[in-house]
Structure formats: structure tokens, C-alpha cells
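Peer 1: Got a structure for you, questions after.
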Amino acid sequence: MNRSTLDLWVGIFVTVGIGAILFLSLKVGNLLTVSNDQGYRLEAEFDNIGGLKLRAPVKAAGVVVGRVERVKLDPRTYQAVVMMKIDRGYEFSKDTIASILTSGLLGEVYIGLDSGGDAKMLADGDKITKTQSAIVLEKLIGQFMFDRAASAGGTAAGSGNAAPAAATTGGAK
Amino acid sequence: MPASTAAVALRRIGRATLNSVERLGFAARFSVAVLVHSPSALRRLRLTLREIYFSGVLSLVIILVSGLFVGMVLALQGYDVLTRYGANESLGVLVALSLVRELGPVVAGLLFASRAGSAITAEIGLMKTTEQLSAMEMMAVDPLARVVAPRFFGGILSMPLLAALFSTLGIFGAYLVGVRLIGIDAGSFWGNMQAAVDFRYDIVNGIIKSVVFGIAVSLIAVFEGYNARPTAEGVSTATTRTVVASSLSILALDFVLTVFMFRGLGV
């Protein structure tokens, strides 16, 4: 095989190979739209984050506006502190509510932002004060059972069992 | 008094151990020597290009065809399982993540080891058997720089490109089966894939894996060829060893790399 044919084939191979890497990055990894590494960070404290994972989406009105970057436990308050990175270009008011939601019954867990009416906007490093924790299905079911037991106990026995059961329900709420 | 069978067995074990330790030492010395001669592979760019042709371009057909089939099979099997959970739309995610993270680098590496690695070993082994390497040394040409280093670098450069092509063709095959044949919505196929595949975590890690496999396979191939016994049987043994050792090291390295890359990710 002479030189120029060999060079041509190697050139084709390298071009096609780099093309494949570009295809994977742009079309599959969607580098074009999510690549902007710039953005600002917000913090939020939750009582319970449920199944929230790193890199989970942060959505406002269903549109992905950022990602969860770090999750840690505040050792003093025993609350979960979630650090999220919001894409530049999106701004939220100071009284934004952050809630942990699930898409569908078994879907992924994400953070939903509901912007309020405050004219001042959240800046880099700010903390979202109004939060709503994840709904833990087991707790809901437990609460429901206690409620049922309490109401059943209340109508049947009257005094004996009703007071502690009511106290438990109150604590669970 | 003849030596007892126990003593003979002990002697045999000792010899085998010594041999393998000596071989390991030689392999380490050889690796360092190849790395030291690596600048000469860049200076002799034409030789390296020739090796990219032999190990990369000539492996294209097997890589492309197997990538296409692996992707199509993944799509069929994945669809079968995902339908049970009503998650057909995630087919793109399943195929893309398994190809980019694991199957692309690993299967392309295994194919590369058996297609190109064995050829490199056989070629160098035969050069040694026919005393071409000694002849080069006589002419004051270092065979490590002239023969080994270009093949080593040709392999390292080819491997990531081959793995990327494998993944691309696999995703294309999954698209053909999933969207064209089964009829999943094309928008959700690509959209879910793009939402789930991350550039840094998935694609870059896949490329890192394929580079590491390229280094491992090329190093094993040139070492086994250089270290082959200069007989016909020796060359054939060396070729077999290349395929076995590089396949095993790809699978073992893949486990180690996966532990480091995808552990505390929470995925």
C-alpha cells in the first residue's frame, strides 16, 4: 500500500472516530444546552429530603432550571441542607418556596421552585427559607392508621384508650 | 538415594514461582523502556500512522458491525423488560448509558485485543523468530524505538476512537430497532437520553476507560511479542497469551475503574 492511500485511510478513521465522540457529547450527552457551567448556588433546608439524589433536577413550572449539587446534614438542627446550582438567566424572588416532589408514583425525585411576589431576587449563596419536605409514603400510611385507630377507639371505648392515641396522632402531625 | 516425590514437587513449585517473578520483573522493566522510547514514536510519526492503519482502520469493520448488533439486541431486550414497568420511553436511556459507560469500552476493548493485539504479538514474535530484531540491533537501530513504540502508540490512539464508534453505532442500532421497528416516539427516545446522560460523568469516564484499556492491551501485546520464545510454537503461545491476558485485564480494570468512577454518585 502506498503512502498517500494509507494516510487517507488513517485520516478517514480519525475523522470518523472524532465525529463519533462529538456525536456522543452533543447528541447523546446534550453538551450544547447543559454545558453552561456558569450559574449561581442556592441553599435550602428541609426536614426530610426523601429520595433526593445528587444531580437531581431543580424545576420551576416543570422546566429544568438547575441541578442538586450537594446534600448534607446540619449537625445542629438535624435538617438536610441541599445545595443547588441554578442556571444563569433564571432568577427567583426572595420568598420562593422550594418543595421536594416526585414525578409520578415511582418517578424521579426533584425540587420544585414556586416563585413568590417579592421584588427582591435571590442571589448567589442565598438561602431559601420557605421549604416543604418530601412526603414519605410510610409516614402518611402510619398517620392514616393512627387516625383510624384513634377515631375507632374514641367512638367505641370513650375514655381508656382514646387519650394516648390522640396524643400520638397529634405528635405525628 | 533418589529424591522423594515431595522434594521434586517442591522444586517444581519453586521454579515456577521464580520464573513468574522474573517474568514480572522483565515486564516492568520493559514497560518503563517502552515509555522511555515513546517520544521516538512521535518523532517517527509515519510508522505510528502505519500502525494506526493496521490496528485501527482494519478493525473498523468488526467494531462497527458488532456495535450495531449489540445496540439492536439491547433495544429488543430492554424493550421487553421495560414494557413490564410501563417505561418504554426510557429505552434510549438504558441503551445509551449501558453503551457509553460499559459496553462500548469493554466490548470494543475485547474485540480490539483479539483483532489487533494478537496481530501485533504475532508480528513482533515472528520478527524475533526470524532474527529481524537482532539484525536491527546490529545496525544500531533500537527495535524498541523502531518496532515496539509505534505499535504501542498506534494502539493507544486507536482504542478510544474505536470505542466511541462502537457506542455510536450501538445507539444508532437501538434507534433503528426502538424507533423504526417497534415504534417508540423518537422525541422521547432522544429527549430522555439527553436528560439522563451526563457529559462529565458518563461520556468522559467512558473515554477514560477506553484509553486505559488501550494502554493495557497494547502493552500486553508488544510485551508478549517481544518476550516470545523464538520458535513457531513460541509465537503461537504468545499470541494466545495476549488474547487471554488482555481480555482478563480489561475485565478486571473495568471493575476497578467502575468502582472509582461510579461509586458515591447516588445513581
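Labels used: A, B, ... for chains in the order of the C-alpha cells, numbers from 1 for residues in each chain, and numbers from 1 for ligands as shown.
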Write out as a PyMOL selection string which residues come within 10 Å of stretch 65-78 of chain A when counting only C-alpha atoms, dropping same-chain ones fewer than 6 positions away.

Peer 2: chain A and resi 34+39-49+52-59+84-91+110-113

Peer 1: How close does each residue of chain A get to chain B, giving the shortest atom pair and distance in Å to one decimal for every residue with an atom at most 8 Å away, counting only C-alpha atoms, sorted by chain and residue number, as a tab-separated table?

Peer 2:
```
residue	atom	partner	partner_atom	distance
A:Leu6	CA	B:Tyr53	CA	6.9
A:Asp7	CA	B:Leu49	CA	7.3
A:Trp9	CA	B:Val57	CA	6.9
A:Val10	CA	B:Tyr53	CA	5.5
A:Phe13	CA	B:Val57	CA	5.9
A:Val14	CA	B:Leu161	CA	7.2
A:Val16	CA	B:Leu165	CA	7.8
A:Gly17	CA	B:Leu161	CA	4.5
A:Ile18	CA	B:Leu161	CA	6.6
A:Ala20	CA	B:Leu165	CA	5.4
A:Ile21	CA	B:Ala164	CA	5.6
A:Phe23	CA	B:Thr168	CA	7.3
A:Leu24	CA	B:Thr168	CA	6.7
A:Ser25	CA	B:Phe199	CA	6.1
A:Lys27	CA	B:Gln194	CA	7.1
A:Val28	CA	B:Gln194	CA	5.3
A:Gly29	CA	B:Val197	CA	5.0
A:Asn30	CA	B:Gln194	CA	5.2
A:Leu31	CA	B:Phe199	CA	6.4
A:Lys53	CA	B:Gly266	CA	5.8
A:Leu54	CA	B:Gly266	CA	6.1
```

Peer 1: For the selection you just gave me, I'd like the residues written to a file as an mmCIF file, in the first residue's frame, keeping C-alpha atoms.

Peer 2:
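Once everything was written out, this is part-v3.cif:
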```cif
data_model
loop_
_atom_site.group_PDB
_atom_site.id
_atom_site.type_symbol
_atom_site.label_atom_id
_atom_site.label_comp_id
_atom_site.auth_asym_id
_atom_site.auth_seq_id
_atom_site.Cartn_x
_atom_site.Cartn_y
_atom_site.Cartn_z
ATOM 1 C CA LEU A 6 -2.547 4.802 3.883
ATOM 2 C CA ASP A 7 -2.647 8.416 5.058
ATOM 3 C CA TRP A 9 -7.457 5.806 5.388
ATOM 4 C CA VAL A 10 -5.934 6.849 8.703
ATOM 5 C CA PHE A 13 -10.555 6.722 10.556
ATOM 6 C CA VAL A 14 -9.515 9.580 12.835
ATOM 7 C CA VAL A 16 -14.931 9.350 11.817
ATOM 8 C CA GLY A 17 -13.716 8.498 15.336
ATOM 9 C CA ILE A 18 -13.658 12.130 16.458
ATOM 10 C CA ALA A 20 -18.338 9.683 16.952
ATOM 11 C CA ILE A 21 -17.002 11.337 20.116
ATOM 12 C CA PHE A 23 -21.918 12.783 18.373
ATOM 13 C CA LEU A 24 -21.812 11.183 21.826
ATOM 14 C CA SER A 25 -21.072 14.508 23.511
ATOM 15 C CA LYS A 27 -26.430 14.449 20.661
ATOM 16 C CA VAL A 28 -26.359 11.866 23.447
ATOM 17 C CA GLY A 29 -24.815 13.875 26.285
ATOM 18 C CA ASN A 30 -26.557 17.067 25.164
ATOM 19 C CA LEU A 31 -23.459 19.132 25.859
ATOM 20 C CA LYS A 53 -30.213 12.303 44.825
ATOM 21 C CA LEU A 54 -27.213 14.269 43.693
#
```

Peer 1: Just checking: using only C-alpha atoms, which residue out of A:Ala152, A:Val109, A:Ile100, A:Ala119 ends up closest to A:Thr131?

Peer 2: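 Checking each candidate against A:Thr131, we get A:Ile100 as the closest.
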
Peer 1: Could you pull out the strand (DSSP E) residues of stretch 4-52 of chain A from DSSP and send them as a PyMOL selection string?

Peer 2: chain A and resi 39-46

Peer 1: Can you spit out the residues from that selection as a CSV table (one decimal), in the first residue's frame, using N, CA and C atoms?

Peer 2:
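selection23.csv, freshly written:
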```
chain,number,residue,atom,x,y,z
A,39,GLY,N,-23.5,29.7,36.6
A,39,GLY,CA,-24.8,29.6,37.3
A,39,GLY,C,-24.5,30.1,38.7
A,40,TYR,N,-25.6,30.1,39.5
A,40,TYR,CA,-25.3,30.5,40.9
A,40,TYR,C,-25.9,29.5,41.8
A,41,ARG,N,-25.4,29.5,43.1
A,41,ARG,CA,-25.8,28.5,44.0
A,41,ARG,C,-26.9,29.0,45.0
A,42,LEU,N,-27.8,28.1,45.3
A,42,LEU,CA,-28.8,28.4,46.3
A,42,LEU,C,-28.8,27.3,47.4
A,43,GLU,N,-29.2,27.6,48.6
A,43,GLU,CA,-29.2,26.6,49.6
A,43,GLU,C,-30.7,26.5,50.2
A,44,ALA,N,-31.0,25.4,50.6
A,44,ALA,CA,-32.4,25.2,51.2
A,44,ALA,C,-32.3,24.2,52.3
A,45,GLU,N,-33.0,24.4,53.4
A,45,GLU,CA,-33.0,23.4,54.4
A,45,GLU,C,-34.4,22.7,54.4
A,46,PHE,N,-34.3,21.3,54.5
A,46,PHE,CA,-35.5,20.5,54.6
A,46,PHE,C,-35.5,19.7,55.8
```
